[in-house]
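Everything on this sheet refers to the single structure shown next.
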Amino acid sequence: MSGVRLVVFGRQGAGKGTQCAVLSEHYGAPHISTGDMLRAAVAEGSEVGRRAQSYMDAGKLLPDEVMLDVVRDRLAHDDVVEHGFLLDGFPRTVGQAEALLDMTTVDAAVDIDVPVEVVRERMLGRGRDDDTPEVIDQRLAAYEAETVPAIERFAAHGLLERVDGLGTPDEVTARLVAAIDGRVAGA
Ligand code: ADP
């Protein structure tokens with residue numbers, strides 16, 4: 001088991017996907033986005049994809065058991081065993097957080113902090129197909145209710161680094177790398 005094992009948190013619209021792509025390259029650890037995995041499953045029409053579709057359309061979270069199966073399978077792949085992981089979009093609930101911490105070791109969790117009003121405006125502006133105002137608000141409410149307590153689990157384990165997510169993407173990357181290197185120096 002080697003490589004860097006990271007969890008990246010951030011509200012929808014906080015720039016998490018962009019930062020994860022850069023961090024994945026920087027640390028050489030596979031970027032595992034559960035949102036991307038589920039969208040691929042929907043496109044393929046797989047069993048998980050068929051279950052996922054209605055939840056995703058409503059901006060609702062899938063049941064923890066489904067997500068845990070998906071993530072457990074993915075973490076067993078060779079690339080993860082060799083190079084670690086950068087989890088994006090998982091865990092999203094306290095149940096998922098506890099299960100992840102039971103399943104594997106995590107070096108650090110980073111939270112890209114951008115205020116709710118800022119991300120709401122950004123998402124309304126970018127207008128992805130599923131970004132109607134109702135769905136955006138539903139997702140942000142789910143984040144506050146479900147994911148903020150999950151982030152607190154990592155804080156309780158002494159694993160959390162909160163990083164200011166305002167500024168240029170490069171500025172945010174520099175802050176993230178500094179925070180992560182403080183935890184995994186020599187990894
Ligand atoms: P968002 O656009 O909300 O940032 P993602 O692209 O990460 O979301 O995921 C899209 C959708 O996939 C979510 O709204 C949710 O329905 C589902 N999903 C992704 N990750 C999880 C998870 N860890 N637990 C439950 N549902 C998830």
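Letters for chains follow the order of the structure tokens (A, B, ...), residue numbers begin at 1 for each chain, and ligand numbers begin at 1 in the order shown.
For region 6-21 of chain A, the list of residues within 7 Å, based on only C-alpha atoms and with local chain neighbours fewer than 6 positions off taken out, reads His31, Phe85, Leu86, Leu87, Asp88, Val106, Asp107, Ala108, Ala109, Val110, Asp111, Ile112, Asp113, Val114, Val119, Arg122, Met123, Tyr143, Gly165 and Thr173 of chain A.
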Output for the residues just chosen: all heavy atoms as a short mmCIF file (atom, residue, chain, number, x, y, z; two decimals), in the first residue's frame:
data_model
loop_
_atom_site.label_atom_id
_atom_site.label_comp_id
_atom_site.auth_asym_id
_atom_site.auth_seq_id
_atom_site.Cartn_x
_atom_site.Cartn_y
_atom_site.Cartn_z
N HIS A 31 -7.75 9.88 -9.59
CA HIS A 31 -8.89 10.73 -9.22
C HIS A 31 -10.15 9.88 -9.29
O HIS A 31 -10.55 9.44 -10.36
CB HIS A 31 -8.96 11.89 -10.22
CG HIS A 31 -10.14 12.80 -10.02
ND1 HIS A 31 -10.51 13.74 -10.97
CD2 HIS A 31 -11.03 12.93 -9.02
CE1 HIS A 31 -11.58 14.39 -10.54
NE2 HIS A 31 -11.91 13.92 -9.36
N PHE A 85 -5.17 7.23 -3.65
CA PHE A 85 -6.42 7.72 -4.24
C PHE A 85 -6.69 9.16 -3.85
O PHE A 85 -6.15 9.67 -2.87
CB PHE A 85 -7.61 6.86 -3.80
CG PHE A 85 -7.79 6.75 -2.30
CD1 PHE A 85 -8.34 7.79 -1.56
CD2 PHE A 85 -7.40 5.59 -1.64
CE1 PHE A 85 -8.51 7.68 -0.19
CE2 PHE A 85 -7.56 5.47 -0.25
CZ PHE A 85 -8.12 6.52 0.47
N LEU A 86 -7.51 9.78 -4.67
CA LEU A 86 -8.01 11.11 -4.39
C LEU A 86 -9.52 11.02 -4.57
O LEU A 86 -10.02 10.92 -5.69
CB LEU A 86 -7.40 12.02 -5.45
CG LEU A 86 -7.29 13.46 -5.09
CD1 LEU A 86 -6.00 13.97 -5.68
CD2 LEU A 86 -8.45 14.18 -5.69
N LEU A 87 -10.21 10.94 -3.46
CA LEU A 87 -11.66 10.73 -3.53
C LEU A 87 -12.38 12.06 -3.66
O LEU A 87 -12.14 13.00 -2.89
CB LEU A 87 -12.15 10.01 -2.28
CG LEU A 87 -12.04 8.49 -2.28
CD1 LEU A 87 -12.37 7.94 -0.89
CD2 LEU A 87 -12.98 7.87 -3.32
N ASP A 88 -13.30 12.12 -4.62
CA ASP A 88 -14.03 13.35 -4.96
C ASP A 88 -15.52 13.01 -4.98
O ASP A 88 -15.96 12.21 -5.81
CB ASP A 88 -13.53 13.80 -6.35
CG ASP A 88 -14.36 14.91 -6.97
OD1 ASP A 88 -15.29 15.43 -6.33
OD2 ASP A 88 -14.06 15.24 -8.15
N VAL A 106 -6.66 6.89 5.60
CA VAL A 106 -6.73 8.15 4.86
C VAL A 106 -5.63 9.04 5.43
O VAL A 106 -5.48 9.15 6.65
CB VAL A 106 -8.12 8.80 5.07
CG1 VAL A 106 -8.17 10.21 4.51
CG2 VAL A 106 -9.22 7.92 4.45
N ASP A 107 -4.82 9.63 4.56
CA ASP A 107 -3.74 10.51 5.04
C ASP A 107 -4.27 11.88 5.44
O ASP A 107 -3.81 12.46 6.41
CB ASP A 107 -2.67 10.69 3.95
CG ASP A 107 -1.97 9.38 3.62
OD1 ASP A 107 -1.63 8.65 4.57
OD2 ASP A 107 -1.79 9.09 2.42
N ALA A 108 -5.19 12.40 4.64
CA ALA A 108 -5.72 13.73 4.93
C ALA A 108 -7.04 13.94 4.19
O ALA A 108 -7.27 13.34 3.14
CB ALA A 108 -4.73 14.81 4.48
N ALA A 109 -7.88 14.79 4.76
CA ALA A 109 -9.08 15.26 4.09
C ALA A 109 -8.95 16.78 3.97
O ALA A 109 -8.58 17.43 4.95
CB ALA A 109 -10.32 14.90 4.90
N VAL A 110 -9.19 17.30 2.78
CA VAL A 110 -9.15 18.75 2.61
C VAL A 110 -10.55 19.24 2.24
O VAL A 110 -11.28 18.57 1.51
CB VAL A 110 -8.13 19.19 1.52
CG1 VAL A 110 -6.71 18.98 2.00
CG2 VAL A 110 -8.37 18.49 0.20
N ASP A 111 -10.88 20.38 2.78
CA ASP A 111 -12.18 20.99 2.49
C ASP A 111 -11.93 22.32 1.78
O ASP A 111 -11.32 23.22 2.36
CB ASP A 111 -12.94 21.21 3.80
CG ASP A 111 -14.31 21.84 3.59
OD1 ASP A 111 -14.82 21.78 2.44
OD2 ASP A 111 -14.87 22.38 4.56
N ILE A 112 -12.37 22.40 0.52
CA ILE A 112 -12.21 23.63 -0.25
C ILE A 112 -13.40 24.53 0.10
O ILE A 112 -14.52 24.29 -0.33
CB ILE A 112 -12.18 23.33 -1.77
CG1 ILE A 112 -11.09 22.33 -2.10
CG2 ILE A 112 -12.02 24.63 -2.56
CD1 ILE A 112 -11.12 21.83 -3.55
N ASP A 113 -13.11 25.54 0.90
CA ASP A 113 -14.19 26.31 1.52
C ASP A 113 -14.59 27.52 0.67
O ASP A 113 -13.79 28.45 0.50
CB ASP A 113 -13.69 26.74 2.91
CG ASP A 113 -14.81 27.30 3.76
OD1 ASP A 113 -15.98 26.95 3.50
OD2 ASP A 113 -14.52 28.10 4.66
N VAL A 114 -15.80 27.47 0.13
CA VAL A 114 -16.37 28.60 -0.61
C VAL A 114 -17.79 28.81 -0.08
O VAL A 114 -18.56 27.85 -0.01
CB VAL A 114 -16.42 28.32 -2.14
CG1 VAL A 114 -17.06 29.48 -2.88
CG2 VAL A 114 -15.02 28.07 -2.70
N VAL A 119 -21.19 29.88 -4.32
CA VAL A 119 -21.33 28.71 -5.19
C VAL A 119 -22.70 28.68 -5.87
O VAL A 119 -22.82 28.25 -7.02
CB VAL A 119 -21.06 27.37 -4.46
CG1 VAL A 119 -19.64 27.29 -3.97
CG2 VAL A 119 -22.04 27.09 -3.36
N ARG A 122 -22.46 30.86 -8.86
CA ARG A 122 -21.62 30.21 -9.88
C ARG A 122 -22.41 29.13 -10.62
O ARG A 122 -22.34 29.01 -11.83
CB ARG A 122 -20.41 29.53 -9.23
CG ARG A 122 -19.31 30.47 -8.84
CD ARG A 122 -18.13 29.62 -8.37
NE ARG A 122 -17.12 30.43 -7.74
CZ ARG A 122 -16.09 29.92 -7.07
NH1 ARG A 122 -15.95 28.62 -6.95
NH2 ARG A 122 -15.20 30.71 -6.53
N MET A 123 -23.16 28.32 -9.87
CA MET A 123 -23.87 27.20 -10.50
C MET A 123 -25.01 27.69 -11.37
O MET A 123 -25.27 27.15 -12.43
CB MET A 123 -24.38 26.23 -9.45
CG MET A 123 -23.27 25.33 -8.98
SD MET A 123 -23.93 23.96 -8.07
CE MET A 123 -24.39 24.76 -6.59
N TYR A 143 -25.95 18.96 1.07
CA TYR A 143 -24.55 19.13 1.50
C TYR A 143 -24.50 19.58 2.97
O TYR A 143 -23.75 19.03 3.77
CB TYR A 143 -23.84 20.14 0.59
CG TYR A 143 -22.34 20.14 0.78
CD1 TYR A 143 -21.53 19.27 0.06
CD2 TYR A 143 -21.73 20.99 1.70
CE1 TYR A 143 -20.15 19.25 0.24
CE2 TYR A 143 -20.36 20.98 1.89
CZ TYR A 143 -19.57 20.11 1.15
OH TYR A 143 -18.22 20.09 1.35
N GLY A 165 -11.19 28.59 -0.46
CA GLY A 165 -11.40 28.28 -1.88
C GLY A 165 -11.65 29.50 -2.74
O GLY A 165 -11.96 29.36 -3.93
N THR A 173 -4.92 25.91 -5.61
CA THR A 173 -4.06 24.72 -5.71
C THR A 173 -2.86 24.85 -4.78
O THR A 173 -2.51 23.90 -4.06
CB THR A 173 -3.54 24.53 -7.16
OG1 THR A 173 -4.66 24.41 -8.04
CG2 THR A 173 -2.67 23.29 -7.28
#
Write out as a Markdown table a residue-level contact list of chain A versus ligand 1 with cut-off 8 Å: for each qualifying residue the closest pair of atoms and the distance in Å to one decimal, counting only C-alpha atoms and all ligand atoms, rows sorted by chain and residue number upward.
| residue | atom | partner | partner_atom_place_in_ligand_line | distance |
| --- | --- | --- | --- | --- |
| A:Arg11 | CA | ligand 1 | 4 (O) | 6.9 |
| A:Gln12 | CA | ligand 1 | 4 (O) | 4.2 |
| A:Gly13 | CA | ligand 1 | 4 (O) | 7.0 |
| A:Ser33 | CA | ligand 1 | 7 (O) | 6.6 |
| A:Thr34 | CA | ligand 1 | 20 (N) | 4.6 |
| A:Gly35 | CA | ligand 1 | 9 (O) | 3.4 |
| A:Asp36 | CA | ligand 1 | 6 (O) | 6.1 |
| A:Leu38 | CA | ligand 1 | 12 (O) | 6.1 |
| A:Arg39 | CA | ligand 1 | 12 (O) | 7.4 |
| A:Ala52 | CA | ligand 1 | 16 (O) | 7.0 |
| A:Gln53 | CA | ligand 1 | 16 (O) | 7.9 |
| A:Tyr55 | CA | ligand 1 | 16 (O) | 5.1 |
| A:Met56 | CA | ligand 1 | 16 (O) | 3.7 |
| A:Asp57 | CA | ligand 1 | 16 (O) | 7.2 |
| A:Ala58 | CA | ligand 1 | 16 (O) | 7.3 |
| A:Gly59 | CA | ligand 1 | 14 (O) | 4.5 |
| A:Lys60 | CA | ligand 1 | 16 (O) | 4.7 |
| A:Leu61 | CA | ligand 1 | 26 (N) | 3.6 |
| A:Leu62 | CA | ligand 1 | 26 (N) | 4.0 |
| A:Pro63 | CA | ligand 1 | 25 (C) | 6.2 |
| A:Asp64 | CA | ligand 1 | 24 (N) | 6.3 |
| A:Met67 | CA | ligand 1 | 24 (N) | 5.7 |
| A:Asp88 | CA | ligand 1 | 7 (O) | 6.9 |
| A:Gly89 | CA | ligand 1 | 7 (O) | 4.5 |
| A:Phe90 | CA | ligand 1 | 23 (N) | 3.9 |
| A:Pro91 | CA | ligand 1 | 23 (N) | 4.9 |
| A:Arg92 | CA | ligand 1 | 23 (N) | 4.6 |
| A:Thr93 | CA | ligand 1 | 24 (N) | 7.0 |
| A:Gln96 | CA | ligand 1 | 23 (N) | 7.3 |
| A:Ile136 | CA | ligand 1 | 3 (O) | 7.9 |
| A:Arg139 | CA | ligand 1 | 3 (O) | 5.6 |
| A:Leu140 | CA | ligand 1 | 3 (O) | 7.8 |
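Closest to Val66 (chain A) among A:Pro30, A:Gly49, A:Gly167, A:Gly158 is A:Gly49, based on only C-alpha atoms.
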- Please run DSSP on the backbone and report, as a VMD selection string, all residues within chain A that come out as strand (DSSP E or B). chain A and resid 4 to 10 31 to 33 84 to 88 108 to 113 160 to 164
Output for the residues just chosen: N, CA and C atoms as a PDB file, in the first residue's frame:
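Below is the file that was written, result.pdb:
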ATOM      1  N   VAL A   4      -0.478   8.538  -2.040  1.00  0.00           N
ATOM      2  CA  VAL A   4      -1.169   9.463  -1.147  1.00  0.00           C
ATOM      3  C   VAL A   4      -2.655   9.115  -1.144  1.00  0.00           C
ATOM      4  N   ARG A   5      -3.252   9.152   0.044  1.00  0.00           N
ATOM      5  CA  ARG A   5      -4.658   8.744   0.185  1.00  0.00           C
ATOM      6  C   ARG A   5      -5.452   9.930   0.725  1.00  0.00           C
ATOM      7  N   LEU A   6      -6.151  10.570  -0.195  1.00  0.00           N
ATOM      8  CA  LEU A   6      -6.779  11.851   0.124  1.00  0.00           C
ATOM      9  C   LEU A   6      -8.277  11.849  -0.132  1.00  0.00           C
ATOM     10  N   VAL A   7      -8.981  12.620   0.692  1.00  0.00           N
ATOM     11  CA  VAL A   7     -10.395  12.892   0.465  1.00  0.00           C
ATOM     12  C   VAL A   7     -10.525  14.392   0.247  1.00  0.00           C
ATOM     13  N   VAL A   8     -11.249  14.776  -0.807  1.00  0.00           N
ATOM     14  CA  VAL A   8     -11.421  16.199  -1.095  1.00  0.00           C
ATOM     15  C   VAL A   8     -12.895  16.562  -0.940  1.00  0.00           C
ATOM     16  N   PHE A   9     -13.154  17.514  -0.053  1.00  0.00           N
ATOM     17  CA  PHE A   9     -14.506  18.019   0.146  1.00  0.00           C
ATOM     18  C   PHE A   9     -14.626  19.416  -0.450  1.00  0.00           C
ATOM     19  N   GLY A  10     -15.851  19.802  -0.738  1.00  0.00           N
ATOM     20  CA  GLY A  10     -16.131  21.148  -1.218  1.00  0.00           C
ATOM     21  C   GLY A  10     -17.547  21.158  -1.738  1.00  0.00           C
ATOM     22  N   HIS A  31      -7.747   9.879  -9.594  1.00  0.00           N
ATOM     23  CA  HIS A  31      -8.887  10.731  -9.225  1.00  0.00           C
ATOM     24  C   HIS A  31     -10.149   9.881  -9.293  1.00  0.00           C
ATOM     25  N   ILE A  32     -10.773   9.652  -8.162  1.00  0.00           N
ATOM     26  CA  ILE A  32     -11.981   8.827  -8.113  1.00  0.00           C
ATOM     27  C   ILE A  32     -13.159   9.721  -7.784  1.00  0.00           C
ATOM     28  N   SER A  33     -13.939  10.040  -8.823  1.00  0.00           N
ATOM     29  CA  SER A  33     -15.126  10.881  -8.658  1.00  0.00           C
ATOM     30  C   SER A  33     -16.360  10.003  -8.718  1.00  0.00           C
ATOM     31  N   GLY A  84      -2.416   4.998  -4.374  1.00  0.00           N
ATOM     32  CA  GLY A  84      -3.308   5.709  -3.462  1.00  0.00           C
ATOM     33  C   GLY A  84      -4.562   6.196  -4.174  1.00  0.00           C
ATOM     34  N   PHE A  85      -5.174   7.234  -3.646  1.00  0.00           N
ATOM     35  CA  PHE A  85      -6.424   7.725  -4.244  1.00  0.00           C
ATOM     36  C   PHE A  85      -6.686   9.163  -3.854  1.00  0.00           C
ATOM     37  N   LEU A  86      -7.515   9.780  -4.666  1.00  0.00           N
ATOM     38  CA  LEU A  86      -8.007  11.112  -4.387  1.00  0.00           C
ATOM     39  C   LEU A  86      -9.520  11.016  -4.565  1.00  0.00           C
ATOM     40  N   LEU A  87     -10.214  10.939  -3.465  1.00  0.00           N
ATOM     41  CA  LEU A  87     -11.665  10.733  -3.531  1.00  0.00           C
ATOM     42  C   LEU A  87     -12.384  12.062  -3.660  1.00  0.00           C
ATOM     43  N   ASP A  88     -13.297  12.124  -4.624  1.00  0.00           N
ATOM     44  CA  ASP A  88     -14.028  13.349  -4.961  1.00  0.00           C
ATOM     45  C   ASP A  88     -15.521  13.007  -4.978  1.00  0.00           C
ATOM     46  N   ALA A 108      -5.191  12.402   4.637  1.00  0.00           N
ATOM     47  CA  ALA A 108      -5.722  13.734   4.927  1.00  0.00           C
ATOM     48  C   ALA A 108      -7.036  13.937   4.189  1.00  0.00           C
ATOM     49  N   ALA A 109      -7.878  14.790   4.764  1.00  0.00           N
ATOM     50  CA  ALA A 109      -9.084  15.263   4.089  1.00  0.00           C
ATOM     51  C   ALA A 109      -8.948  16.779   3.970  1.00  0.00           C
ATOM     52  N   VAL A 110      -9.194  17.300   2.775  1.00  0.00           N
ATOM     53  CA  VAL A 110      -9.153  18.750   2.605  1.00  0.00           C
ATOM     54  C   VAL A 110     -10.545  19.239   2.241  1.00  0.00           C
ATOM     55  N   ASP A 111     -10.883  20.384   2.782  1.00  0.00           N
ATOM     56  CA  ASP A 111     -12.182  20.988   2.488  1.00  0.00           C
ATOM     57  C   ASP A 111     -11.933  22.317   1.782  1.00  0.00           C
ATOM     58  N   ILE A 112     -12.371  22.403   0.524  1.00  0.00           N
ATOM     59  CA  ILE A 112     -12.212  23.633  -0.252  1.00  0.00           C
ATOM     60  C   ILE A 112     -13.396  24.534   0.101  1.00  0.00           C
ATOM     61  N   ASP A 113     -13.113  25.540   0.900  1.00  0.00           N
ATOM     62  CA  ASP A 113     -14.186  26.306   1.521  1.00  0.00           C
ATOM     63  C   ASP A 113     -14.586  27.518   0.675  1.00  0.00           C
ATOM     64  N   LEU A 160      -8.480  16.634   9.143  1.00  0.00           N
ATOM     65  CA  LEU A 160      -9.044  17.655   8.248  1.00  0.00           C
ATOM     66  C   LEU A 160      -8.169  18.898   8.124  1.00  0.00           C
ATOM     67  N   GLU A 161      -7.999  19.341   6.868  1.00  0.00           N
ATOM     68  CA  GLU A 161      -7.393  20.643   6.560  1.00  0.00           C
ATOM     69  C   GLU A 161      -8.438  21.468   5.814  1.00  0.00           C
ATOM     70  N   ARG A 162      -8.779  22.639   6.362  1.00  0.00           N
ATOM     71  CA  ARG A 162      -9.705  23.526   5.676  1.00  0.00           C
ATOM     72  C   ARG A 162      -8.912  24.554   4.892  1.00  0.00           C
ATOM     73  N   VAL A 163      -9.271  24.727   3.624  1.00  0.00           N
ATOM     74  CA  VAL A 163      -8.511  25.617   2.757  1.00  0.00           C
ATOM     75  C   VAL A 163      -9.465  26.640   2.147  1.00  0.00           C
ATOM     76  N   ASP A 164      -9.063  27.900   2.152  1.00  0.00           N
ATOM     77  CA  ASP A 164      -9.872  28.965   1.560  1.00  0.00           C
ATOM     78  C   ASP A 164      -9.970  28.722   0.048  1.00  0.00           C
TER      79      ASP A 164
END
- Select from region 47-145 of chain A everything DSSP, run on the backbone, classes as helix (DSSP H, G or I), then give the selection as a VMD selection string. chain A and resid 47 to 57 64 to 75 78 to 83 94 to 103 116 to 126 133 to 145
